[in-house]
Amino acid sequence: MPLEVDAAMMGLVCVPLTAALLVFLTSTRAVAAWTMVTSAIQFGLATWLTYGVLHSGPLQYQIGSWTLPLGITLHADGISTLMIWMTSLVGGASTIYASGYLSALRRGSKLPVDARLVPAFWPLWLILWAALNALFLSGDLFNIYVTLEMVTLSAVALIGLAGRERALVAAMRYLIAAMTGSLLYLLGVGLMYAAYGTLAWDRLGGLVQADGPTLCAASLMTAGLLVKTALFPLHYWLPDAHANAPAPVSGVLSGLVLKGSFFIILRLWLYIFFPLLPIRAGQLLCGLGMAAILWGSCQAIRQQRVKQMIAYSTVAQIGYLFLIFGIWDGWETGLAWRGTGYFMLSHACAKAAAFMVAGSLMYAVGTDRLEDWAGIGRREPVLVFAFGLAGVSLMGLPPSGGFIAKWLLLNAAVAGGHWMPALVMIVGGLLAAVYVFRVIAVSFSDQESSQSIVPVPLALRWPPLLLALTMIVFGVLTTQPIRLLEIGTPTTAVAEVSP
Amino acid sequence: MDTRTFFLYAVAGVVLFGIGFHGILFCRNLVRKVLALNLMGAGIFLVFVALSTRAPSGTPDPVPQAMVLTGIVVAVSATALMLALIRRLYRETGFTELPCDLED
Amino acid sequence: MDIFIWLFDLTVCAVMVLLAAQSLMVKDLFWAIVSYILFGLSLALVWARLGAPDVALAEAAIGAGLTGALLLTTAAAISQVTEKH
């Protein structure tokens, strides 16, 4: 194992944590610049790790050479590397956007965010980033718990920064739901340790048996994580929390934080529990996913406020992720696996871009009520174009990452004869088209908005377009992400050992 | 120590978890919800240590203890954040409970 | 001897559960927090009994002490403003 890639793994966790401390201690002026340097380093490290994993397979690293059970193992396989690269991409674009957003706040704007809390933003932002990286790299279930809590606490604090009544209530509701969820997860972890004496997920996979305590632990952990991932009908906290956070935070919450807890569900089910669980359990999750798609899309269509609409769209898109448990076609074919991985990537970019556009237009117009956005498309064509591109990916039209993801998932569903999920996927795409086109139609309508329009600064205009264009690129260049997803899956691991 | 003792403490842990979970669902005051979350956490820690110290050798396993120590620190940070949010919510709005629904 | 230890275990568990229930049920928030702190201290006793003295120290200092202090100041801050209104 090349030493340098270990350094990348450590750096992905340590650099943002150190930067958070430094930023916390220094004055507020240079902080945005420092954070941008840090995010550039993060992007470099993530790309380096991706390169390393693509060339030499999954990597493990014992921090400080302390071995299990007391030491901490970092474990980078294909899916976690993809998640980390996605985090650095979305995080980097959001950092540029956030610096523009915060300086707009400091100058005074119509945004519903309390400007006094700006200095607290960057340290929390960097801690959230470090926690996400650590979560994706965690090699055992207890470290996953700790990093998950770090993610939740920093995310909640970032929502609360908006400081207005709605944001505070939403942050509180999110915090209570998320804490309950992580405690349920933790109880499951306790039962697993008592039963097997280890928490490393790669070892548990070969050890687990379908007995009472294991099934109990599996259901507790899954239930807790479902609350955190906001799968219908446990999504009640999500729309308010995501819609009332400051715009750069909303994008990261929908794009990355939810993926963190879903990533753990994937780890638990596919790498540890899947052979044991009754098929019914998978079908239940898939059914809830289908309900989420239909219900979330319909709610999104009904919303009058755009950020609320995008948040309900997230409820729907989370549903697609859970279809994998109903249409699973094994590791060998792997269509459902690749489709879900690709879906996480494309949804992260598209949703972050959509929230950023909403935030910028809110800055320009002063509200996110859809009727006040009438005619905005002629004033801010770049932003509305970026929203349209993000919408193409959310609907699943070619050429976009969302199309590739849905295509793979549809193939998996049809090949396995699962007609209901396939039908729901198509209907979900049509419903997404309704709410995306509603926004576009209003922005290009002939009426002029009654609100005065403030010109949007550059840092609020280009990052969403960058993310949306990246999504189009991933609709064309698909080989590398797909190859990455296949690294370190149980079949390839076996294949490497057997010859 | 015999298995009966550990079983007793594990059951106490589950009962505490249940009390806390009930509190999360049914207490309306936010500070009360913080207490409930902490009780849930304490119950889980008790289950952790009680279940994994059943080893016949009699020496307690250090791993769950290390985890519980970490867990206590995580719990206190979460508590601090929740209390800070409660105070700020109170300053802004005068609520000590979550409102059922906010109009625009 | 054994029977006394068993009695001790039973008593501590009962006290712990009662304090926990009381901290959620008693009307006055101040007494609820006091019950919680007492609960934390009895839990510290349990950690010592289960052979985890380091956890006992952390529980007494952080779980009961620090958390209790944070809870009490918050309760005070909340009720002070109520009286002003």
# chains A, B, ... in the order shown; residues from 1 in each chain; ligands from 1
>>> select_by_dssp(residues="chain B", states="alpha helix (DSSP H)", output="PyMOL selection string")
chain B and resi 3-26+30-52+62-93
>>> residues_around(residues="Tyr90 (chain B)", least_positions_apart="4", cutoff="10 Å", atoms="only C-alpha atoms", output="PyMOL selection string")
(chain A and resi 165+168) or (chain B and resi 84-86+94-97) or (chain C and resi 77-78+81-82)
>>> interface_residues(of="chain B", to="chain A", cutoff="7 Å", atoms="only C-alpha atoms", output="PyMOL selection string")
chain B and resi 41+44+48+51-52+63+78+85+89+92-93+98
>>> write_last_selection(atoms="N, CA and C atoms", output="JSON list (two decimals), in the first residue's frame")
[["chain", "number", "residue", "atom", "x", "y", "z"],
["B", 41, "GLY", "N", -29.86, 7.85, 26.67],
["B", 41, "GLY", "CA", -28.43, 7.59, 26.51],
["B", 41, "GLY", "C", -27.88, 6.79, 27.68],
["B", 44, "ILE", "N", -28.76, 3.21, 27.49],
["B", 44, "ILE", "CA", -27.97, 2.48, 26.50],
["B", 44, "ILE", "C", -26.59, 2.16, 27.03],
["B", 48, "PHE", "N", -24.81, -1.44, 27.35],
["B", 48, "PHE", "CA", -23.47, -1.66, 26.79],
["B", 48, "PHE", "C", -22.57, -2.39, 27.78],
["B", 51, "LEU", "N", -24.07, -5.86, 29.33],
["B", 51, "LEU", "CA", -24.09, -7.01, 28.42],
["B", 51, "LEU", "C", -22.70, -7.52, 28.10],
["B", 52, "SER", "N", -21.75, -6.59, 27.91],
["B", 52, "SER", "CA", -20.46, -7.08, 27.42],
["B", 52, "SER", "C", -19.49, -7.39, 28.55],
["B", 63, "VAL", "N", -13.24, -2.30, 26.11],
["B", 63, "VAL", "CA", -13.75, -1.63, 24.91],
["B", 63, "VAL", "C", -15.09, -0.94, 25.16],
["B", 78, "ALA", "N", -24.09, 17.26, 22.85],
["B", 78, "ALA", "CA", -25.43, 17.38, 22.28],
["B", 78, "ALA", "C", -26.34, 18.16, 23.23],
["B", 85, "LEU", "N", -29.77, 26.16, 21.93],
["B", 85, "LEU", "CA", -30.88, 26.41, 21.01],
["B", 85, "LEU", "C", -32.14, 26.78, 21.78],
["B", 89, "LEU", "N", -34.11, 30.19, 21.24],
["B", 89, "LEU", "CA", -35.52, 30.12, 20.82],
["B", 89, "LEU", "C", -36.37, 30.91, 21.81],
["B", 92, "GLU", "N", -35.91, 34.65, 21.30],
["B", 92, "GLU", "CA", -36.54, 35.18, 20.09],
["B", 92, "GLU", "C", -38.06, 35.15, 20.18],
["B", 93, "THR", "N", -38.60, 34.08, 20.77],
["B", 93, "THR", "CA", -40.04, 33.86, 20.63],
["B", 93, "THR", "C", -40.78, 33.71, 21.95],
["B", 98, "LEU", "N", -42.15, 23.23, 21.52],
["B", 98, "LEU", "CA", -42.21, 23.40, 20.07],
["B", 98, "LEU", "C", -43.64, 23.68, 19.67]]
>>> residues_around(residues="region 5-13 of chain B", least_positions_apart="3", cutoff="12 Å", atoms="only C-alpha atoms", output="NGL selection string")
(:A and (187 or 190-191 or 194)) or (:B and (1-2 or 16-20 or 39-56 or 58 or 60)) or (:C and (2-3 or 5-18 or 20 or 43 or 46-47 or 49-51))
>>> closest_residue(among="B:Val14, B:Leu30, B:Met82, B:Ile72", to="chain C", atoms="only C-alpha atoms")
B:Ile72
>>> atom_distance(atom1="CA of Gln317 (chain A)", atom2="CA of Ala468 (chain A)")
16.6 Å
>>> residues_around(residues="Leu430 (chain A)", least_positions_apart="2", cutoff="12 Å", atoms="only C-alpha atoms", output="mmCIF file with N, CA and C atoms, in the first residue's frame")
data_model
loop_
_atom_site.group_PDB
_atom_site.id
_atom_site.type_symbol
_atom_site.label_atom_id
_atom_site.label_comp_id
_atom_site.auth_asym_id
_atom_site.auth_seq_id
_atom_site.Cartn_x
_atom_site.Cartn_y
_atom_site.Cartn_z
ATOM 1 N N ILE A 293 -41.521 8.801 -2.959
ATOM 2 C CA ILE A 293 -41.411 9.433 -4.275
ATOM 3 C C ILE A 293 -42.731 10.124 -4.626
ATOM 4 N N LEU A 294 -43.831 9.362 -4.473
ATOM 5 C CA LEU A 294 -45.123 9.918 -4.903
ATOM 6 C C LEU A 294 -45.535 11.075 -3.991
ATOM 7 N N SER A 297 -43.162 14.215 -4.210
ATOM 8 C CA SER A 297 -43.313 14.972 -5.464
ATOM 9 C C SER A 297 -44.611 15.757 -5.451
ATOM 10 N N CYS A 298 -45.704 15.115 -4.985
ATOM 11 C CA CYS A 298 -46.982 15.827 -4.974
ATOM 12 C C CYS A 298 -46.914 17.033 -4.047
ATOM 13 N N ILE A 301 -45.077 19.856 -5.677
ATOM 14 C CA ILE A 301 -45.870 20.584 -6.664
ATOM 15 C C ILE A 301 -46.783 21.595 -5.980
ATOM 16 N N GLY A 391 -32.626 20.610 -12.728
ATOM 17 C CA GLY A 391 -33.927 19.976 -12.893
ATOM 18 C C GLY A 391 -33.874 18.814 -13.864
ATOM 19 N N VAL A 392 -33.073 18.950 -14.924
ATOM 20 C CA VAL A 392 -32.933 17.853 -15.895
ATOM 21 C C VAL A 392 -32.426 16.600 -15.185
ATOM 22 N N LEU A 394 -32.730 15.993 -11.906
ATOM 23 C CA LEU A 394 -33.741 15.511 -10.951
ATOM 24 C C LEU A 394 -34.829 14.726 -11.674
ATOM 25 N N MET A 395 -35.199 15.181 -12.879
ATOM 26 C CA MET A 395 -36.220 14.460 -13.642
ATOM 27 C C MET A 395 -35.665 13.159 -14.193
ATOM 28 N N GLY A 396 -34.347 13.127 -14.446
ATOM 29 C CA GLY A 396 -33.754 11.935 -15.020
ATOM 30 C C GLY A 396 -33.778 11.945 -16.534
ATOM 31 N N LEU A 397 -33.629 13.127 -17.124
ATOM 32 C CA LEU A 397 -33.563 13.200 -18.583
ATOM 33 C C LEU A 397 -32.112 13.151 -19.036
ATOM 34 N N LEU A 423 -42.567 1.511 -12.482
ATOM 35 C CA LEU A 423 -43.646 2.446 -12.803
ATOM 36 C C LEU A 423 -43.516 3.710 -11.955
ATOM 37 N N VAL A 424 -43.276 3.518 -10.635
ATOM 38 C CA VAL A 424 -43.181 4.665 -9.741
ATOM 39 C C VAL A 424 -42.012 5.565 -10.147
ATOM 40 N N MET A 425 -40.913 4.961 -10.609
ATOM 41 C CA MET A 425 -39.772 5.774 -11.041
ATOM 42 C C MET A 425 -40.158 6.675 -12.204
ATOM 43 N N ILE A 426 -40.904 6.103 -13.151
ATOM 44 C CA ILE A 426 -41.292 6.902 -14.321
ATOM 45 C C ILE A 426 -42.258 8.008 -13.909
ATOM 46 N N VAL A 427 -43.264 7.644 -13.084
ATOM 47 C CA VAL A 427 -44.217 8.656 -12.617
ATOM 48 C C VAL A 427 -43.488 9.744 -11.830
ATOM 49 N N GLY A 428 -42.513 9.328 -10.980
ATOM 50 C CA GLY A 428 -41.754 10.296 -10.191
ATOM 51 C C GLY A 428 -41.024 11.293 -11.086
ATOM 52 N N ALA A 432 -41.594 15.282 -11.157
ATOM 53 C CA ALA A 432 -40.467 16.219 -10.994
ATOM 54 C C ALA A 432 -40.501 17.243 -12.119
ATOM 55 N N ALA A 433 -40.830 16.780 -13.345
ATOM 56 C CA ALA A 433 -40.909 17.712 -14.470
ATOM 57 C C ALA A 433 -41.937 18.795 -14.176
ATOM 58 N N VAL A 434 -43.058 18.420 -13.539
ATOM 59 C CA VAL A 434 -44.100 19.416 -13.258
ATOM 60 C C VAL A 434 -43.545 20.521 -12.367
ATOM 61 N N TYR A 435 -42.886 20.142 -11.239
ATOM 62 C CA TYR A 435 -42.461 21.236 -10.362
ATOM 63 C C TYR A 435 -41.272 22.006 -10.906
ATOM 64 N N VAL A 436 -40.396 21.360 -11.662
ATOM 65 C CA VAL A 436 -39.273 22.107 -12.237
ATOM 66 C C VAL A 436 -39.779 23.101 -13.293
ATOM 67 N N PHE A 437 -40.694 22.607 -14.173
ATOM 68 C CA PHE A 437 -41.180 23.498 -15.235
ATOM 69 C C PHE A 437 -42.017 24.635 -14.674
#
>>> residues_around(residues="Leu266 (chain A)", least_positions_apart="3", cutoff="12 Å", atoms="only C-alpha atoms", output="ChimeraX atom specification")
/A:79-80,136,201,221-222,225-226,229,259-263,269-274,282,321-325,328,336-337,340-341,344,489
>>> atom_distance(atom1="CA of Ala60 (chain C)", atom2="CA of Thr79 (chain B)")
15.8 Å
>>> residues_around(residues="Ala36 (chain B)", least_positions_apart="2", cutoff="6 Å", atoms="only C-alpha atoms", output="mmCIF file with N, CA and C atoms, in the first residue's frame")
data_model
loop_
_atom_site.group_PDB
_atom_site.id
_atom_site.type_symbol
_atom_site.label_atom_id
_atom_site.label_comp_id
_atom_site.auth_asym_id
_atom_site.auth_seq_id
_atom_site.Cartn_x
_atom_site.Cartn_y
_atom_site.Cartn_z
ATOM 1 N N GLY B 20 -36.980 7.103 28.844
ATOM 2 C CA GLY B 20 -36.512 8.232 28.046
ATOM 3 C C GLY B 20 -37.265 8.341 26.727
ATOM 4 N N GLY B 23 -40.525 9.748 27.226
ATOM 5 C CA GLY B 23 -40.426 11.185 27.474
ATOM 6 C C GLY B 23 -40.244 11.973 26.190
ATOM 7 N N ILE B 24 -39.405 11.440 25.275
ATOM 8 C CA ILE B 24 -39.182 12.125 24.000
ATOM 9 C C ILE B 24 -40.488 12.291 23.247
ATOM 10 N N LYS B 33 -37.427 17.365 27.347
ATOM 11 C CA LYS B 33 -36.984 16.485 26.260
ATOM 12 C C LYS B 33 -35.475 16.239 26.347
ATOM 13 N N VAL B 34 -34.723 17.271 26.757
ATOM 14 C CA VAL B 34 -33.282 17.078 26.940
ATOM 15 C C VAL B 34 -33.033 16.023 28.004
ATOM 16 N N ASN B 38 -31.142 12.342 27.564
ATOM 17 C CA ASN B 38 -30.027 11.906 28.405
ATOM 18 C C ASN B 38 -30.343 10.607 29.116
ATOM 19 N N LEU B 39 -31.599 10.433 29.529
ATOM 20 C CA LEU B 39 -31.982 9.171 30.187
ATOM 21 C C LEU B 39 -31.862 8.012 29.198
#
>>> closest_atom_pairs(of="region 110-199 of chain A", to="region 10-32 of chain A", cutoff="10 Å", atoms="only C-alpha atoms", output="tab-separated table")
residue	atom	partner	partner_atom	distance
A:Val118	CA	A:Thr28	CA	8.8
A:Pro119	CA	A:Thr28	CA	6.2
A:Ala120	CA	A:Phe24	CA	7.8
A:Phe121	CA	A:Phe24	CA	9.5
A:Trp122	CA	A:Val23	CA	7.1
A:Pro123	CA	A:Ala20	CA	4.4
A:Leu124	CA	A:Ala20	CA	7.3
A:Trp125	CA	A:Ala20	CA	8.0
A:Leu126	CA	A:Pro16	CA	5.3
A:Ile127	CA	A:Leu17	CA	5.8
A:Leu128	CA	A:Pro16	CA	8.8
A:Trp129	CA	A:Pro16	CA	6.8
A:Ala130	CA	A:Val13	CA	4.9
A:Ala131	CA	A:Val13	CA	7.3
A:Leu132	CA	A:Val13	CA	8.6
A:Asn133	CA	A:Val13	CA	6.0
A:Ala134	CA	A:Val13	CA	5.7
A:Leu135	CA	A:Val13	CA	9.4
A:Leu137	CA	A:Val13	CA	9.0
>>> atom_distance(atom1="CA of Ala405 (chain A)", atom2="CA of Arg483 (chain A)")
14.2 Å
>>> residues_around(residues="Gly377 (chain A)", least_positions_apart="6", cutoff="6 Å", atoms="only C-alpha atoms", output="ChimeraX atom specification")
/A:384,443-444
>>> closest_residue(among="C:Ile33, C:Ala52, C:Ala44, C:Leu57", to="Ala69 (chain C)", atoms="only C-alpha atoms")
C:Ile33
>>> closest_atom_pairs(of="region 204-323 of chain A", to="region 88-111 of chain A", cutoff="12 Å", atoms="only C-alpha atoms", output="JSON lines")
{"residue": "A:Asn244", "atom": "CA", "partner": "A:Leu111", "partner_atom": "CA", "distance": 10.9}
{"residue": "A:Ala245", "atom": "CA", "partner": "A:Leu111", "partner_atom": "CA", "distance": 11.0}
{"residue": "A:Pro246", "atom": "CA", "partner": "A:Leu111", "partner_atom": "CA", "distance": 8.6}
{"residue": "A:Ala247", "atom": "CA", "partner": "A:Ala98", "partner_atom": "CA", "distance": 8.1}
{"residue": "A:Pro248", "atom": "CA", "partner": "A:Ala98", "partner_atom": "CA", "distance": 5.5}
{"residue": "A:Val249", "atom": "CA", "partner": "A:Ser94", "partner_atom": "CA", "distance": 8.1}
{"residue": "A:Ser250", "atom": "CA", "partner": "A:Ser94", "partner_atom": "CA", "distance": 10.0}
{"residue": "A:Gly251", "atom": "CA", "partner": "A:Ser94", "partner_atom": "CA", "distance": 7.6}
{"residue": "A:Val252", "atom": "CA", "partner": "A:Gly91", "partner_atom": "CA", "distance": 7.1}
{"residue": "A:Leu253", "atom": "CA", "partner": "A:Gly91", "partner_atom": "CA", "distance": 10.7}
{"residue": "A:Ser254", "atom": "CA", "partner": "A:Val90", "partner_atom": "CA", "distance": 11.0}
{"residue": "A:Gly255", "atom": "CA", "partner": "A:Val90", "partner_atom": "CA", "distance": 7.8}
{"residue": "A:Leu256", "atom": "CA", "partner": "A:Val90", "partner_atom": "CA", "distance": 8.0}
{"residue": "A:Val257", "atom": "CA", "partner": "A:Gly91", "partner_atom": "CA", "distance": 11.1}
